[in-house]
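Chemist: Take this structure, written in structure tokens, and hold onto it; I'll ask about it next.
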Amino acid sequence: MNVLRFLGFRLLSMVGTLLAVSVVAFVIIQLPPGDFADAYVAQKNQTGAAFTQAELLNLRHNLGLDRPWYVQYLSWISGIFLRLDFGFSWEWQRPVSELIADRLPLTLALAFSTLLFMYGIALPIGIYSAVRQYSIADHSFSLIGYIGLATPNFLLALIMMYFGQQWFGQSVGGLFSPHFEGQPFTWAKFIDLLAHLWVPVVVLGTAGTAFLVRSMRAVLLDELDKMYVVAARAGGIHPLRLLIKYPVRLALIPIVATLGWRLTYVISGAPIVGVVMGLPDTGPLFLKSLLNQDMQLAGALVFIFCALTVIGTFVSDILLALLDPRIQLSG
Amino acid sequence: MKAAASARFLTQPRGRVRRTDSATQWQLIWWRFKRHRIALTGLVVLGMLTCLGLFAGFFAPYASGTRNAQYLSGPPTVVRWSDRESGLQLRPFIYGRDLTRDPVTLRMIPTVDRSEKWPIYFFVRGQEYKFWGLLRTNIHLFGTESETIHLFGTDSIGRDIFSRTLYATRVSLSVGAVGVLVAFVLGSIIGGIAGLYGGVVDSAIMRLIEFIRSIPTLPLWMALSAAVPRDWTPLQTYLAITVILALIGWTWLARTVRSKLLSVRHEDFVLAARLSGCSDARIIGRHLLPSFMSYLIVDMTIAFPEILLAETALSFLGLGLREPVESWGVLLYAAQNVRSIAHMPWLLIPGIFVIIAVLAFSFVGDGLRDAADPYAKETSK
């Protein structure tokens with residue numbers, strides 16, 4: 001019963017956050033001067049077809065753009081939730097949902113691989129650094145970590161692409177080799193994807209990894225100082241077994257608890273890495289829509305980015321509740 | 001050192017006042033901060049960067065926007081101290097440069113002419129510039145008699161990247177500073193309201209902060225900056241971008257203000273101030289705020305690089321500041337595609353400044369965090 005209430009509460013707060021996010025996205029759509037009708041008429045005028053003021057008003061009325069903003073918002077949001085209809089991109093002349101469906105899977109793959117990479121690399125290094133505090137390896141990991149945290153990921157991407165060009169003479173950008181481009185998905189293409197995916201994953205994950213190493217090291221150091229560790233060691237438990245079984249497990253809790261933030265971080269950085277490395281994901285789509293003020297598409301993407309992190313945080317909250325029985329289920 | 005200090009303490013006659021007893025809180029913070037070697041280094045680096053930015057006109061050999069049509073996309077000039085004929089010499093020099101036609105592409109390309117040597121002189125008179133918009137002068141730190149010197153090379157239309165990087169340092173650091181100030185004002189007001197009123201207001205503001213934290217910031221920043229009209233003047237764009245960055249950066253500060261307010265508002269000194277008839281504004285401004293100012297400064301040092309990085313990223317994408325304004329991100333905008341980096345890797349040099357600035361800020365932030373509460377027992381970390 002308790003569990004159900006906890007789940008219900010979390011679910012409710014997630015839906016509330018999603019609604020708030022949708023308001024933000026809608027405001028963003030409305031921000032630039034002019035609306036869809038203006039853009040449409042301007043485009044038609046360029047090709048020579050003259051539009052009168054009456055036709056413009058008529059078009060605006062047909063599209064429902066002359067209605068008050070809350071009516072427009074309600075029709076927009078109900079379109080998303082009921083029909084997965086995100087509006088129409090005038091730049092691509094296609095429904096936004098189609099465009100996003102084409103590219104979202106790669107963004108998701110990138111985000112999840114980056115999360116896996118971050119935790120997979122950071123936890124062992126963090127544990128090692130804590131156990132061998134002030135060793136040469138510890139110092140060099142902290143140095144790399146500091147630099148990794150300070151380097152903006154688009155700069156890291158540029159540097160990696162430069163060295164890729166210099167050493168391998170090939171472009172590191174993109175996600176597929178030229179001969180797989182546009183081909184249907186096969187096993188060979190999947191392997192090819194993996195061979196390319198690691199570069200953006202490293203670029204996107206470096207700063208987060210550095211951060212995780214630092215916090216894992218700090219939490220574990222605090223834990224290792226505690227009396228129960230001394231007592232267990234005095235009792236003769238094998239050091240490795242002791243380490244894994246108690247301090248590491250406890251130290252993991254705050255690390256896992258911030259999984260949602262890490263996801264937010266990855267989603268936040270993904271567009272810029274996608275743009276720099278020319279990935280066929282949502283990043284370049286997003287930037288282009290912003291530069292051309294194709295706001296239906298831009299707003300939909302902002303909404304999706306935010307929704308991903310909100311849902312991710314929800315999942316990580318539930319995972320944490322499963323992992324740590326001490327978390328109060330009352331929420 | 002500790003042993004010596006305690007020994008001195010023991011030998012001192014009782015009743016003597018120790019240095020630490022009469023020091024102000026800020027002195028204590030400074031003494032503790034000074035012991036943090038890396039943080040001190042970070043502070044020095046930041047000071048140097050600020051100097052470079054403030055006096056960019058003096059350090060830069062060329063005025064902003066100057067083009068050298070003789071040297072387009074040119075690699076960095078190598079400064080030499082020695083050559084075959086005269087061996088090592090004290091005054092650095094550069095070789096002359098000639099334009100020759102490439103036999104294959106027929107384009108004019110610059111080549112190094114080793115027969116010409118141009119010594120570098122210091123405090124030379126060059127292009128006129130205005131010192132902070134007030135003083136007209138033409139003294140530059142270094143230069144040569146007639147050959148141009150480009151320490152970081154030139155971009156595709158022949159502008160000196162070294163000079164531009166220095167001017168960009170001024171803009172980028174000022175965006176960070178103004179952004180942090182705006183965030184500070186916003187954070188103190190919103191956090192102050194939450195901490196003072198408590199109850200529903202407090203939980204509403206806390207919800208708002210959690211909400212802002214839970215959404216990915218960069219896409220939001222990108223979308224907001226894209227809405228800044230293109231026909232605005234550079235100054236308007238600059239202000240708009242700074243405010244946009246601060247709009248999301250205030251949350252940490254607000255949280256600190258709120259939690260500190262909650263923890264100190266029932267302290268005796270607040271009660272005493274109230275009993276002496278102080279107004280609320282005076283209690284907050286004169287008693288509460290100074291008591292946790294050090295923590296706010298820590299948060300500001302942490303927020304600074306975040307805003308700096310965000311500005312760099314936005315300008316790099318073409319959504320933030322734009323030419324002819326120079327910021328690190330605007331300079332990096334030229335390095336956006338791999339083809340231009342492959343031919344002109346020196347376009348990435350402004351990025352090194354970004355890394356150095358962010359590193360320095362995080363070191364100073366670490367040092368300050370340890371020093372912020374000078375009365376706390378020192379931890380072993």
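Order determines the names: the first chain of the structure tokens is A, the second B, and so forth; residues in each chain are numbered 1 upward, and ligands are numbered 1 upward as they are shown.
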Show me, as a tab-separated table, the residues of chain B having an atom within 10 Å of chain A, each with the closest atom pair and its distance in Å, using only C-alpha atoms.
Modeler:
```
residue	atom	partner	partner_atom	distance
B:Arg207	CA	A:Thr17	CA	9.8
B:Leu208	CA	A:Ala20	CA	9.9
B:Glu210	CA	A:Thr17	CA	9.9
B:Phe211	CA	A:Thr17	CA	7.1
B:Ile212	CA	A:Val21	CA	9.4
B:Arg213	CA	A:Trp261	CA	8.3
B:Ser214	CA	A:Thr264	CA	6.7
B:Ile215	CA	A:Cys306	CA	5.2
B:Pro216	CA	A:Ser268	CA	4.5
B:Thr217	CA	A:Ser268	CA	6.0
B:Leu218	CA	A:Ser268	CA	5.2
B:Pro219	CA	A:Ser268	CA	6.1
B:Leu220	CA	A:Val302	CA	6.9
B:Trp221	CA	A:Ser268	CA	10.0
B:Met222	CA	A:Leu290	CA	7.8
B:Ala223	CA	A:Leu290	CA	6.5
B:Leu224	CA	A:Ile28	CA	6.9
B:Ser225	CA	A:Leu290	CA	9.0
B:Ala226	CA	A:Leu290	CA	5.8
B:Ala227	CA	A:Pro32	CA	5.1
B:Val228	CA	A:Pro32	CA	7.6
B:Pro229	CA	A:Pro32	CA	7.5
B:Pro305	CA	A:Ala150	CA	8.5
B:Glu306	CA	A:Ala150	CA	9.7
B:Leu309	CA	A:Pro152	CA	6.7
B:Ala310	CA	A:Pro152	CA	9.0
B:Thr312	CA	A:Pro152	CA	8.5
B:Ala313	CA	A:Phe154	CA	7.5
B:Leu314	CA	A:Ile272	CA	9.2
B:Phe316	CA	A:Phe154	CA	8.7
B:Leu317	CA	A:Ile272	CA	7.8
B:Gly318	CA	A:Leu291	CA	8.2
B:Leu319	CA	A:Leu291	CA	7.5
B:Leu332	CA	A:Leu155	CA	8.7
B:Ala335	CA	A:Leu158	CA	8.0
B:Gln336	CA	A:Val276	CA	6.7
B:Asn337	CA	A:Val276	CA	7.1
B:Val338	CA	A:Met161	CA	6.6
B:Arg339	CA	A:Tyr162	CA	8.8
B:Ser340	CA	A:Tyr162	CA	9.6
B:Ile341	CA	A:Tyr162	CA	6.4
B:Ala342	CA	A:Tyr162	CA	6.0
B:His343	CA	A:Tyr162	CA	9.6
B:Pro345	CA	A:Tyr162	CA	7.7
B:Leu348	CA	A:Leu155	CA	8.1
B:Gly351	CA	A:Leu155	CA	6.8
B:Ile352	CA	A:Thr151	CA	8.7
B:Val354	CA	A:Thr151	CA	7.6
B:Ile355	CA	A:Ala150	CA	5.3
B:Ile356	CA	A:Ala150	CA	7.8
B:Ala357	CA	A:Ala150	CA	8.4
B:Val358	CA	A:Ala150	CA	5.4
B:Leu359	CA	A:Ala150	CA	5.5
B:Ala360	CA	A:Ala150	CA	9.2
B:Phe361	CA	A:Ala150	CA	9.4
B:Ser362	CA	A:Ala150	CA	8.2
B:Phe363	CA	A:Tyr146	CA	9.0
B:Lys381	CA	A:Ala218	CA	9.1
```
Chemist: Can you list, as number ranges by chain, every residue of stretch 87-174 of chain A that DSSP puts in alpha helix (DSSP H)?
Modeler: A: 96-131, 136-150, 153-168
Chemist: Would you write out those residues with C-alpha atoms, as a PDB file, in the first residue's frame?
Modeler:
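And here is the file that came out, part_39.pdb:
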```pdb
ATOM      1  CA  VAL A  96       7.328  17.959 -36.325  1.00  0.00           C
ATOM      2  CA  SER A  97       6.583  14.517 -34.926  1.00  0.00           C
ATOM      3  CA  GLU A  98       7.964  12.837 -38.063  1.00  0.00           C
ATOM      4  CA  LEU A  99      11.158  14.855 -37.933  1.00  0.00           C
ATOM      5  CA  ILE A 100      11.670  14.046 -34.283  1.00  0.00           C
ATOM      6  CA  ALA A 101      10.870  10.380 -34.705  1.00  0.00           C
ATOM      7  CA  ASP A 102      13.633  10.172 -37.299  1.00  0.00           C
ATOM      8  CA  ARG A 103      16.290  11.538 -35.030  1.00  0.00           C
ATOM      9  CA  LEU A 104      15.279  10.954 -31.441  1.00  0.00           C
ATOM     10  CA  PRO A 105      16.449   7.299 -31.268  1.00  0.00           C
ATOM     11  CA  LEU A 106      20.038   8.331 -31.897  1.00  0.00           C
ATOM     12  CA  THR A 107      19.855  11.030 -29.220  1.00  0.00           C
ATOM     13  CA  LEU A 108      18.513   8.443 -26.792  1.00  0.00           C
ATOM     14  CA  ALA A 109      21.214   5.939 -27.748  1.00  0.00           C
ATOM     15  CA  LEU A 110      23.848   8.617 -27.245  1.00  0.00           C
ATOM     16  CA  ALA A 111      22.445   9.676 -23.870  1.00  0.00           C
ATOM     17  CA  PHE A 112      22.209   6.145 -22.511  1.00  0.00           C
ATOM     18  CA  SER A 113      25.624   5.083 -23.769  1.00  0.00           C
ATOM     19  CA  THR A 114      27.069   8.209 -22.182  1.00  0.00           C
ATOM     20  CA  LEU A 115      25.450   7.439 -18.854  1.00  0.00           C
ATOM     21  CA  LEU A 116      26.762   3.869 -18.980  1.00  0.00           C
ATOM     22  CA  PHE A 117      30.199   5.136 -19.922  1.00  0.00           C
ATOM     23  CA  MET A 118      30.239   7.704 -17.135  1.00  0.00           C
ATOM     24  CA  TYR A 119      29.286   5.292 -14.380  1.00  0.00           C
ATOM     25  CA  GLY A 120      31.320   2.436 -15.817  1.00  0.00           C
ATOM     26  CA  ILE A 121      34.506   4.495 -15.859  1.00  0.00           C
ATOM     27  CA  ALA A 122      33.944   6.777 -12.890  1.00  0.00           C
ATOM     28  CA  LEU A 123      33.059   4.272 -10.182  1.00  0.00           C
ATOM     29  CA  PRO A 124      36.185   2.072 -10.436  1.00  0.00           C
ATOM     30  CA  ILE A 125      38.440   5.121 -10.724  1.00  0.00           C
ATOM     31  CA  GLY A 126      36.711   6.827  -7.810  1.00  0.00           C
ATOM     32  CA  ILE A 127      37.049   3.724  -5.640  1.00  0.00           C
ATOM     33  CA  TYR A 128      40.690   3.267  -6.594  1.00  0.00           C
ATOM     34  CA  SER A 129      41.473   6.939  -5.929  1.00  0.00           C
ATOM     35  CA  ALA A 130      39.885   6.750  -2.504  1.00  0.00           C
ATOM     36  CA  VAL A 131      41.598   3.525  -1.483  1.00  0.00           C
ATOM     37  CA  ILE A 136      50.495   9.006  -8.206  1.00  0.00           C
ATOM     38  CA  ALA A 137      47.471   7.511  -9.945  1.00  0.00           C
ATOM     39  CA  ASP A 138      45.129   9.407  -7.621  1.00  0.00           C
ATOM     40  CA  HIS A 139      46.869  12.692  -8.346  1.00  0.00           C
ATOM     41  CA  SER A 140      46.924  12.145 -12.077  1.00  0.00           C
ATOM     42  CA  PHE A 141      43.243  11.186 -12.086  1.00  0.00           C
ATOM     43  CA  SER A 142      42.402  14.389 -10.214  1.00  0.00           C
ATOM     44  CA  LEU A 143      44.473  16.439 -12.618  1.00  0.00           C
ATOM     45  CA  ILE A 144      42.759  14.894 -15.650  1.00  0.00           C
ATOM     46  CA  GLY A 145      39.461  15.364 -13.876  1.00  0.00           C
ATOM     47  CA  TYR A 146      40.047  19.062 -13.276  1.00  0.00           C
ATOM     48  CA  ILE A 147      40.936  19.620 -16.909  1.00  0.00           C
ATOM     49  CA  GLY A 148      37.997  17.498 -18.033  1.00  0.00           C
ATOM     50  CA  LEU A 149      35.626  19.564 -15.924  1.00  0.00           C
ATOM     51  CA  ALA A 150      37.020  22.833 -17.239  1.00  0.00           C
ATOM     52  CA  ASN A 153      32.549  19.710 -24.440  1.00  0.00           C
ATOM     53  CA  PHE A 154      32.295  21.411 -27.827  1.00  0.00           C
ATOM     54  CA  LEU A 155      35.961  22.352 -27.504  1.00  0.00           C
ATOM     55  CA  LEU A 156      36.823  18.755 -26.616  1.00  0.00           C
ATOM     56  CA  ALA A 157      34.892  17.637 -29.691  1.00  0.00           C
ATOM     57  CA  LEU A 158      36.830  20.065 -31.889  1.00  0.00           C
ATOM     58  CA  ILE A 159      40.151  18.907 -30.454  1.00  0.00           C
ATOM     59  CA  MET A 160      39.293  15.241 -30.957  1.00  0.00           C
ATOM     60  CA  MET A 161      38.158  15.921 -34.510  1.00  0.00           C
ATOM     61  CA  TYR A 162      41.375  17.787 -35.205  1.00  0.00           C
ATOM     62  CA  PHE A 163      43.530  14.913 -33.977  1.00  0.00           C
ATOM     63  CA  GLY A 164      41.325  12.397 -35.736  1.00  0.00           C
ATOM     64  CA  GLN A 165      41.979  14.278 -38.952  1.00  0.00           C
ATOM     65  CA  GLN A 166      45.707  14.513 -38.295  1.00  0.00           C
ATOM     66  CA  TRP A 167      46.341  10.941 -37.183  1.00  0.00           C
ATOM     67  CA  PHE A 168      43.780   8.843 -38.997  1.00  0.00           C
TER      68      PHE A 168
END
```
Chemist: Counting only C-alpha atoms, figure out which residue out of B:Gln236, B:Ser146, B:Thr165, B:Ser156 gets nearest to B:Gly329.
Modeler: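 Comparing B:Gln236, B:Ser146, B:Thr165, B:Ser156 against B:Gly329, the winner is B:Thr165.
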Chemist: For B:Ser86, please output as an mmCIF file with C-alpha atoms, in the first residue's frame all residues within 12 Å (counting only C-alpha atoms; exclusion window: fewer than 6 positions along the same chain).
Modeler:
```cif
data_model
loop_
_atom_site.group_PDB
_atom_site.id
_atom_site.type_symbol
_atom_site.label_atom_id
_atom_site.label_comp_id
_atom_site.auth_asym_id
_atom_site.auth_seq_id
_atom_site.Cartn_x
_atom_site.Cartn_y
_atom_site.Cartn_z
ATOM 1 C CA ARG B 80 63.137 33.732 -31.836
ATOM 2 C CA PHE B 93 63.200 39.003 -33.056
ATOM 3 C CA LYS B 117 65.272 40.149 -39.126
#
```
Chemist: Need to verify the contact set: stretch 59-73 of chain A, 8 Å, only C-alpha atoms, exclusion of same-chain residues closer than 4 positions in sequence. Can you return it as a VMD selection string?
Modeler: chain A and resid 23 26 35 37 55 77
Chemist: Mind dumping the selected residues with N, CA and C atoms as a PDB file, in the first residue's frame?
Modeler:
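Saved to selection.pdb:
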```pdb
ATOM      1  N   VAL A  23       4.443  24.469 -20.412  1.00  0.00           N
ATOM      2  CA  VAL A  23       4.198  25.910 -20.433  1.00  0.00           C
ATOM      3  C   VAL A  23       5.457  26.636 -20.889  1.00  0.00           C
ATOM      4  N   PHE A  26       5.877  26.265 -24.535  1.00  0.00           N
ATOM      5  CA  PHE A  26       4.906  27.052 -25.279  1.00  0.00           C
ATOM      6  C   PHE A  26       5.303  28.531 -25.300  1.00  0.00           C
ATOM      7  N   ASP A  35       4.212  35.195 -36.177  1.00  0.00           N
ATOM      8  CA  ASP A  35       3.746  33.839 -35.923  1.00  0.00           C
ATOM      9  C   ASP A  35       3.826  33.016 -37.205  1.00  0.00           C
ATOM     10  N   ALA A  37       1.620  32.294 -39.403  1.00  0.00           N
ATOM     11  CA  ALA A  37       0.989  32.898 -40.586  1.00  0.00           C
ATOM     12  C   ALA A  37       1.924  33.921 -41.228  1.00  0.00           C
ATOM     13  N   GLU A  55      -6.319  38.073 -46.731  1.00  0.00           N
ATOM     14  CA  GLU A  55      -5.930  36.662 -46.821  1.00  0.00           C
ATOM     15  C   GLU A  55      -5.099  36.243 -45.611  1.00  0.00           C
ATOM     16  N   ILE A  77      -1.228  21.581 -26.297  1.00  0.00           N
ATOM     17  CA  ILE A  77      -0.850  20.544 -25.345  1.00  0.00           C
ATOM     18  C   ILE A  77      -1.728  19.314 -25.508  1.00  0.00           C
TER      19      ILE A  77
END
```
